[in-house]
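This report concerns only the one structure given below.
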Amino acid sequence: MATWLVKSEPSVYSWDQLVKDKKTSWDGVRNYAARIHLRAMKKGDEVLFYHSNEGMEIVGIAKVSKVAYQDPTTDDDRWSSVELKAFKKLKKPVSLAQIKANKKLQGMALVRIGRLSVQPVTEEECKEILALSS
């Protein structure tokens, strides 16, 4: 099972909103690299939920509940969405500053390719994030 990270500004769509909604279509992604990652997601994969711009921290874990399908926000068949469902809130959010300061996380896509909205997370990186959150 793979782990991913998705980003959303809390004022646009927050972790609390996902918890309230229980699930959501992760749509509107218009970056080719991010699209590759969306299409690689499998049902049951865990997804770290990152608040970007405001907060700049990983706050929860979602799970992929439906694999890639046509993005409902466009008729252009080049774009895909996945369905995510809330799984669990982290005990403590893990900030971007903590991630950047951690030598074990220096290779993380969040550090190297900061603007990418959907990105893979290695098993080791996920373990370290979860350790920081407890």
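If you're wondering about the labels, chains in the structure tokens are A, B, ... by order shown, residues count from 1 in each chain, ligands from 1 in order shown.
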Show me, as a ChimeraX atom specification, the residues that have an atom within 7 Å of A:Leu84 when counting only C-alpha atoms, minus same-chain residues fewer than 4 positions from it.
/A:23-26,62-65
Just asking: which residues within chain A are strand (DSSP E or B) according to DSSP, as a PyMOL selection string?
chain A and resi 3-8+23-26+46-51+57-70+80-95+118-121
Could the residues in this selection be saved with N, CA and C atoms as a compact mmCIF listing (two decimals), in the first residue's frame?
# COMPACT_ATOMS: atom_id res chain seq x y z
N THR A 3 1.59 5.52 0.19
CA THR A 3 1.16 6.69 0.95
C THR A 3 1.39 7.92 0.08
N TRP A 4 0.48 8.86 0.19
CA TRP A 4 0.51 10.08 -0.61
C TRP A 4 0.32 11.28 0.30
N LEU A 5 0.51 12.47 -0.25
CA LEU A 5 0.21 13.71 0.45
C LEU A 5 -0.57 14.60 -0.51
N VAL A 6 -1.65 15.18 -0.01
CA VAL A 6 -2.40 16.17 -0.78
C VAL A 6 -2.41 17.48 0.00
N LYS A 7 -2.47 18.55 -0.74
CA LYS A 7 -2.46 19.88 -0.12
C LYS A 7 -3.77 20.61 -0.40
N SER A 8 -4.21 21.34 0.60
CA SER A 8 -5.37 22.20 0.42
C SER A 8 -5.26 23.38 1.37
N LYS A 23 -16.39 12.20 3.09
CA LYS A 23 -15.62 11.88 1.87
C LYS A 23 -15.76 13.05 0.90
N THR A 24 -14.84 13.09 -0.06
CA THR A 24 -14.87 14.15 -1.06
C THR A 24 -14.19 13.70 -2.34
N SER A 25 -14.56 14.32 -3.42
CA SER A 25 -13.86 14.14 -4.69
C SER A 25 -12.66 15.08 -4.67
N TRP A 26 -11.46 14.52 -4.85
CA TRP A 26 -10.25 15.37 -4.89
C TRP A 26 -10.06 15.78 -6.34
N GLU A 46 -3.21 5.32 1.97
CA GLU A 46 -3.32 6.42 2.94
C GLU A 46 -2.82 7.71 2.31
N VAL A 47 -3.45 8.82 2.71
CA VAL A 47 -3.14 10.13 2.15
C VAL A 47 -2.98 11.12 3.29
N LEU A 48 -1.78 11.67 3.44
CA LEU A 48 -1.55 12.70 4.44
C LEU A 48 -2.21 13.99 3.95
N PHE A 49 -2.96 14.64 4.82
CA PHE A 49 -3.70 15.85 4.47
C PHE A 49 -2.94 17.05 5.02
N TYR A 50 -2.46 17.89 4.11
CA TYR A 50 -1.59 19.02 4.45
C TYR A 50 -2.34 20.33 4.22
N HIS A 51 -2.36 21.18 5.25
CA HIS A 51 -2.92 22.52 5.11
C HIS A 51 -1.83 23.43 4.56
N GLU A 57 0.90 22.63 7.67
CA GLU A 57 1.14 21.47 8.52
C GLU A 57 0.29 20.29 8.06
N ILE A 58 0.80 19.10 8.33
CA ILE A 58 0.03 17.88 8.08
C ILE A 58 -0.88 17.69 9.28
N VAL A 59 -2.18 17.56 9.03
CA VAL A 59 -3.15 17.54 10.13
C VAL A 59 -3.94 16.25 10.25
N GLY A 60 -3.97 15.43 9.20
CA GLY A 60 -4.77 14.22 9.27
C GLY A 60 -4.40 13.22 8.20
N ILE A 61 -5.07 12.07 8.27
CA ILE A 61 -4.87 11.01 7.29
C ILE A 61 -6.22 10.65 6.68
N ALA A 62 -6.25 10.65 5.36
CA ALA A 62 -7.44 10.21 4.62
C ALA A 62 -7.08 8.89 3.95
N LYS A 63 -8.09 8.25 3.37
CA LYS A 63 -7.85 7.04 2.59
C LYS A 63 -8.52 7.19 1.24
N VAL A 64 -7.90 6.60 0.23
CA VAL A 64 -8.50 6.59 -1.11
C VAL A 64 -9.66 5.61 -1.08
N SER A 65 -10.86 6.10 -1.38
CA SER A 65 -12.04 5.24 -1.38
C SER A 65 -12.55 4.95 -2.79
N LYS A 66 -12.05 5.70 -3.77
CA LYS A 66 -12.39 5.45 -5.18
C LYS A 66 -11.20 5.88 -6.02
N VAL A 67 -10.73 5.00 -6.89
CA VAL A 67 -9.56 5.30 -7.71
C VAL A 67 -9.91 6.30 -8.81
N ALA A 68 -8.89 6.70 -9.55
CA ALA A 68 -9.01 7.77 -10.54
C ALA A 68 -10.20 7.59 -11.49
N TYR A 69 -10.89 8.70 -11.69
CA TYR A 69 -12.02 8.78 -12.62
C TYR A 69 -12.03 10.18 -13.21
N GLN A 70 -12.86 10.40 -14.22
CA GLN A 70 -12.93 11.70 -14.89
C GLN A 70 -13.24 12.80 -13.88
N SER A 80 -8.07 13.97 -13.98
CA SER A 80 -8.64 12.92 -13.14
C SER A 80 -8.87 13.40 -11.71
N SER A 81 -9.72 12.68 -11.01
CA SER A 81 -10.00 12.89 -9.60
C SER A 81 -9.94 11.55 -8.90
N VAL A 82 -9.80 11.58 -7.60
CA VAL A 82 -9.99 10.39 -6.77
C VAL A 82 -10.96 10.79 -5.67
N GLU A 83 -11.53 9.79 -5.01
CA GLU A 83 -12.39 10.07 -3.86
C GLU A 83 -11.59 9.75 -2.60
N LEU A 84 -11.61 10.68 -1.67
CA LEU A 84 -10.93 10.50 -0.39
C LEU A 84 -11.95 10.48 0.72
N LYS A 85 -11.69 9.66 1.74
CA LYS A 85 -12.54 9.68 2.93
C LYS A 85 -11.66 9.94 4.14
N ALA A 86 -12.20 10.67 5.09
CA ALA A 86 -11.46 10.97 6.31
C ALA A 86 -11.18 9.67 7.04
N PHE A 87 -9.96 9.54 7.58
CA PHE A 87 -9.59 8.35 8.34
C PHE A 87 -9.31 8.72 9.79
N LYS A 88 -8.26 9.54 10.03
CA LYS A 88 -8.02 9.97 11.40
C LYS A 88 -7.22 11.26 11.45
N LYS A 89 -7.51 12.02 12.46
CA LYS A 89 -6.79 13.26 12.72
C LYS A 89 -5.50 12.91 13.45
N LEU A 90 -4.42 13.61 13.12
CA LEU A 90 -3.18 13.39 13.84
C LEU A 90 -3.31 13.95 15.26
N LYS A 91 -2.65 13.29 16.21
CA LYS A 91 -2.69 13.77 17.60
C LYS A 91 -2.15 15.18 17.68
N LYS A 92 -1.04 15.41 16.98
CA LYS A 92 -0.45 16.75 16.89
C LYS A 92 -0.12 17.02 15.42
N PRO A 93 -0.50 18.18 14.91
CA PRO A 93 -0.11 18.51 13.53
C PRO A 93 1.42 18.52 13.41
N VAL A 94 1.90 18.21 12.22
CA VAL A 94 3.33 18.23 11.95
C VAL A 94 3.59 19.38 10.98
N SER A 95 4.31 20.38 11.44
CA SER A 95 4.51 21.60 10.65
C SER A 95 5.59 21.43 9.59
N VAL A 118 -0.11 17.13 -5.18
CA VAL A 118 -0.33 15.71 -4.90
C VAL A 118 1.03 15.05 -5.08
N GLN A 119 1.49 14.36 -4.05
CA GLN A 119 2.84 13.81 -4.11
C GLN A 119 2.97 12.51 -3.34
N PRO A 120 3.94 11.67 -3.75
CA PRO A 120 4.16 10.42 -3.03
C PRO A 120 4.92 10.66 -1.73
N VAL A 121 4.72 9.76 -0.78
CA VAL A 121 5.43 9.78 0.49
C VAL A 121 5.98 8.37 0.69
Please run DSSP on the backbone and report, as a ChimeraX atom specification, all residues within chain A that come out as alpha helix (DSSP H).
/A:15-21,32-40,96-101,109-112,123-133
Taking only C-alpha atoms into account, which of A:Ala2, A:Ile99, A:Ala33, A:Ala40 comes nearest A:Glu128?
A:Ile99
For A:Lys103, the nearest of the candidates A:Glu125, A:Pro72, A:Asp21, A:Trp15, counting only C-alpha atoms:
A:Glu125
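If you measure from each of A:Ile36, A:Ala97, A:Leu105, A:Met56 to A:Arg78 using only C-alpha atoms, the closest one turns out to be A:Ile36.
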Between A:Arg112, A:Lys127, A:Arg30, A:His37, which one has atoms that come closest to A:Thr74, using only C-alpha atoms?
A:Arg30
For atom CA of A:Ser11 and atom CA of A:Val29, the interatomic separation in Å (one decimal)
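Atom CA of A:Val29 lies 16.9 Å from atom CA of A:Ser11.
Note that atom CA of A:Ser133 and atom CA of A:Lys43 are 24.4 Å apart.
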Quick one: of A:Leu110, A:Leu96, A:Ala34, A:Met41, who's nearest to A:Trp79, counting only C-alpha atoms?
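Using only C-alpha atoms, the shortest distance to A:Trp79 belongs to A:Ala34.
Atom CA of A:Cys126 sits 13.9 Å away from atom CA of A:Val111.
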